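Participant: Here it is, the structure, as structure tokens.
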Amino acid sequence: MARTAVMELEADVLERLENYVAEFAGGFGYITRTRWAGIYLQGLFLDGERKSIEPLSRRVSVAGWHGDTEQALQQFVNQSVWDEQVVLQTYRRVLGEAFD
């Protein structure tokens, strides 16, 4: 499988994204799930027509990671158990604060 050029988001964008994802940590449980949630969102923000796991995994950069990014993202999206109600409540709160 060919690896595409890894794209980077600007440092300030990555910092804002990390802060945003951190607000949802309670719903994801394990810190590794929160980390992969951030990486998944990072991939959604990057250029590319296809946003499915395979092409997305080839676009993201994961500092210090030497494993299979596609498999890790598949695990997060398809098999991780997390409390979607807590995540949804957090999302509603964050969205509501944006309109205050």
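Ordered as shown in the structure tokens, chains take letters A, B, and onward, while each chain numbers its residues from 1 and ligands are numbered from 1 in the order shown.
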For Phe24 in chain A, list every protein, DNA or RNA residue within 10 Å, evaluated using only C-alpha atoms, and leave out those in the same chain fewer than 3 positions away; present the list as a list in words.

Facilitator: Asn19, Tyr20, Val21, Gly27, Phe28, Gly29, Thr34, Ala37, Gly38, Val86, Val87, Leu88, Gln89, Thr90, Tyr91 and Val94 of chain A

Participant: Got time to write the residues from that selection, all heavy atoms, as a compact mmCIF listing (two decimals), in the first residue's frame?

Facilitator:
# COMPACT_ATOMS: atom_id res chain seq x y z
N ASN A 19 -6.87 20.96 22.27
CA ASN A 19 -7.67 21.50 23.37
C ASN A 19 -9.13 21.10 23.24
O ASN A 19 -9.80 20.77 24.23
CB ASN A 19 -7.53 23.02 23.43
CG ASN A 19 -6.15 23.46 23.85
OD1 ASN A 19 -5.41 22.72 24.50
ND2 ASN A 19 -5.79 24.68 23.47
N TYR A 20 -9.63 21.13 22.02
CA TYR A 20 -11.02 20.74 21.75
C TYR A 20 -11.24 19.27 22.11
O TYR A 20 -12.18 18.92 22.83
CB TYR A 20 -11.35 21.00 20.28
CG TYR A 20 -12.74 20.61 19.88
CD1 TYR A 20 -13.83 21.40 20.20
CD2 TYR A 20 -12.98 19.44 19.15
CE1 TYR A 20 -15.13 21.06 19.82
CE2 TYR A 20 -14.26 19.08 18.77
CZ TYR A 20 -15.33 19.89 19.10
OH TYR A 20 -16.60 19.53 18.72
N VAL A 21 -10.36 18.40 21.64
CA VAL A 21 -10.49 16.96 21.90
C VAL A 21 -10.35 16.66 23.39
O VAL A 21 -11.05 15.80 23.92
CB VAL A 21 -9.46 16.17 21.07
CG1 VAL A 21 -9.43 14.71 21.49
CG2 VAL A 21 -9.77 16.28 19.59
N GLY A 27 -15.49 11.16 28.02
CA GLY A 27 -16.38 10.26 27.29
C GLY A 27 -15.64 9.13 26.61
O GLY A 27 -16.21 8.07 26.36
N PHE A 28 -14.36 9.36 26.29
CA PHE A 28 -13.59 8.33 25.60
C PHE A 28 -12.94 7.34 26.55
O PHE A 28 -12.52 6.27 26.14
CB PHE A 28 -12.51 8.96 24.71
CG PHE A 28 -13.07 9.68 23.52
CD1 PHE A 28 -12.81 11.01 23.32
CD2 PHE A 28 -13.88 9.02 22.61
CE1 PHE A 28 -13.33 11.68 22.22
CE2 PHE A 28 -14.40 9.67 21.51
CZ PHE A 28 -14.12 11.01 21.32
N GLY A 29 -12.86 7.68 27.82
CA GLY A 29 -12.28 6.75 28.78
C GLY A 29 -10.77 6.76 28.74
O GLY A 29 -10.14 7.66 29.25
N THR A 34 -8.70 8.94 23.41
CA THR A 34 -8.72 10.38 23.22
C THR A 34 -7.66 10.79 22.20
O THR A 34 -7.91 11.63 21.33
CB THR A 34 -8.51 11.11 24.56
OG1 THR A 34 -9.51 10.68 25.49
CG2 THR A 34 -8.59 12.62 24.39
N ALA A 37 -8.88 9.84 18.79
CA ALA A 37 -9.97 10.72 18.39
C ALA A 37 -9.39 12.00 17.79
O ALA A 37 -9.86 12.48 16.75
CB ALA A 37 -10.86 11.05 19.59
N GLY A 38 -8.37 12.54 18.42
CA GLY A 38 -7.72 13.74 17.90
C GLY A 38 -7.06 13.50 16.56
O GLY A 38 -7.14 14.34 15.65
N VAL A 86 -21.95 10.69 26.94
CA VAL A 86 -21.07 11.69 27.57
C VAL A 86 -20.45 12.58 26.50
O VAL A 86 -20.39 13.80 26.66
CB VAL A 86 -19.97 11.01 28.43
CG1 VAL A 86 -18.96 12.02 28.92
CG2 VAL A 86 -20.61 10.27 29.60
N VAL A 87 -20.02 11.99 25.40
CA VAL A 87 -19.44 12.77 24.30
C VAL A 87 -20.50 13.71 23.73
O VAL A 87 -20.21 14.90 23.48
CB VAL A 87 -18.86 11.84 23.21
CG1 VAL A 87 -18.44 12.63 21.99
CG2 VAL A 87 -17.68 11.05 23.76
N LEU A 88 -21.72 13.24 23.54
CA LEU A 88 -22.79 14.07 23.00
C LEU A 88 -23.13 15.22 23.96
O LEU A 88 -23.32 16.36 23.52
CB LEU A 88 -24.03 13.23 22.73
CG LEU A 88 -25.22 13.94 22.10
CD1 LEU A 88 -24.84 14.58 20.77
CD2 LEU A 88 -26.37 12.95 21.90
N GLN A 89 -23.19 14.94 25.25
CA GLN A 89 -23.46 16.00 26.23
C GLN A 89 -22.35 17.05 26.21
O GLN A 89 -22.62 18.25 26.28
CB GLN A 89 -23.60 15.40 27.63
CG GLN A 89 -24.87 14.63 27.83
CD GLN A 89 -24.88 13.86 29.15
OE1 GLN A 89 -23.89 13.81 29.87
NE2 GLN A 89 -26.01 13.25 29.45
N THR A 90 -21.11 16.60 26.12
CA THR A 90 -19.98 17.52 26.05
C THR A 90 -20.06 18.36 24.79
O THR A 90 -19.86 19.58 24.82
CB THR A 90 -18.64 16.75 26.10
OG1 THR A 90 -18.59 15.97 27.29
CG2 THR A 90 -17.46 17.70 26.06
N TYR A 91 -20.38 17.72 23.67
CA TYR A 91 -20.52 18.45 22.41
C TYR A 91 -21.59 19.53 22.51
O TYR A 91 -21.40 20.67 22.08
CB TYR A 91 -20.85 17.47 21.27
CG TYR A 91 -21.14 18.16 19.97
CD1 TYR A 91 -20.12 18.73 19.22
CD2 TYR A 91 -22.45 18.26 19.51
CE1 TYR A 91 -20.39 19.38 18.03
CE2 TYR A 91 -22.72 18.89 18.31
CZ TYR A 91 -21.70 19.45 17.59
OH TYR A 91 -21.96 20.10 16.41
N VAL A 94 -20.22 22.41 24.64
CA VAL A 94 -19.22 23.19 23.89
C VAL A 94 -19.90 24.04 22.83
O VAL A 94 -19.58 25.22 22.67
CB VAL A 94 -18.15 22.25 23.27
CG1 VAL A 94 -17.25 23.00 22.31
CG2 VAL A 94 -17.32 21.60 24.38

Participant: Could you give me, as a PDB file with C-alpha atoms, in the first residue's frame, the residues within 12 Å of Val60 in chain A, counting only C-alpha atoms and dropping anything in the same chain fewer than 6 positions from it?

Facilitator:
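To be explicit, this is the file written out as selection27.pdb:
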ATOM      1  CA  ARG A   3       2.036   5.976   1.483  1.00  0.00           C
ATOM      2  CA  THR A   4       0.885   9.433   0.419  1.00  0.00           C
ATOM      3  CA  ALA A   5       2.640  12.602   1.442  1.00  0.00           C
ATOM      4  CA  VAL A   6       1.915  13.389   5.070  1.00  0.00           C
ATOM      5  CA  MET A   7       0.271  16.746   5.435  1.00  0.00           C
ATOM      6  CA  GLU A   8       0.548  18.948   8.448  1.00  0.00           C
ATOM      7  CA  LEU A   9      -1.844  21.358  10.042  1.00  0.00           C
ATOM      8  CA  LEU A  14      -3.195  21.550  16.057  1.00  0.00           C
ATOM      9  CA  TRP A  36      -6.833   8.560  18.370  1.00  0.00           C
ATOM     10  CA  GLY A  38      -7.722  13.741  17.899  1.00  0.00           C
ATOM     11  CA  ILE A  39      -5.762  12.042  15.145  1.00  0.00           C
ATOM     12  CA  TYR A  40      -8.988  11.034  13.410  1.00  0.00           C
ATOM     13  CA  LEU A  41     -10.281  14.620  13.554  1.00  0.00           C
ATOM     14  CA  GLN A  42      -6.930  15.866  12.304  1.00  0.00           C
ATOM     15  CA  GLY A  43      -7.307  13.582   9.293  1.00  0.00           C
ATOM     16  CA  LEU A  44     -10.808  14.889   8.616  1.00  0.00           C
ATOM     17  CA  PHE A  45      -9.460  18.454   8.496  1.00  0.00           C
ATOM     18  CA  LEU A  46      -6.692  17.634   6.039  1.00  0.00           C
ATOM     19  CA  ASP A  47      -7.094  17.915   2.287  1.00  0.00           C
ATOM     20  CA  GLY A  48      -8.161  14.820   0.434  1.00  0.00           C
ATOM     21  CA  LYS A  51     -12.249  10.636   4.343  1.00  0.00           C
ATOM     22  CA  ILE A  53      -9.891   5.311   7.275  1.00  0.00           C
ATOM     23  CA  GLU A  54      -7.470   3.946   4.667  1.00  0.00           C
ATOM     24  CA  ASP A  68       0.046   0.630  11.832  1.00  0.00           C
ATOM     25  CA  THR A  69      -1.896   3.904  11.771  1.00  0.00           C
ATOM     26  CA  GLU A  70      -4.683   2.465   9.646  1.00  0.00           C
ATOM     27  CA  LEU A  73      -7.743   4.242  13.501  1.00  0.00           C
TER      28      LEU A  73
END

Participant: Quick one, how far is CA of Leu56 in chain A from CA of Phe76 in chain A?

Facilitator: 13.3 Å

Participant: Just how far from CA of Val77 in chain A is CA of Ile31 in chain A, in Å to one decimal?

Facilitator: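 Calculated distance between CA of Ile31 in chain A and CA of Val77 in chain A is 14.9 Å.
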
Participant: Within chain A, find each residue whose DSSP state, derived from the backbone, is alpha helix (DSSP H), and express the selection as an MDAnalysis selection string.

Facilitator: chainID A and resid 11:22 25:28 31:45 53:59 69:74 84:98

Participant: May I ask for the distance between CA of Glu49 in chain A and CA of Arg35 in chain A, given in Å to one decimal place?

Facilitator: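 Distance reported for this atom pair: 23.6 Å.
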
Participant: Using only C-alpha atoms, pick whichever of A:Ala11, A:Arg16, A:Glu23, A:Val62 has the shortest atom-to-atom distance to Leu95 in chain A.

Facilitator: A:Glu23
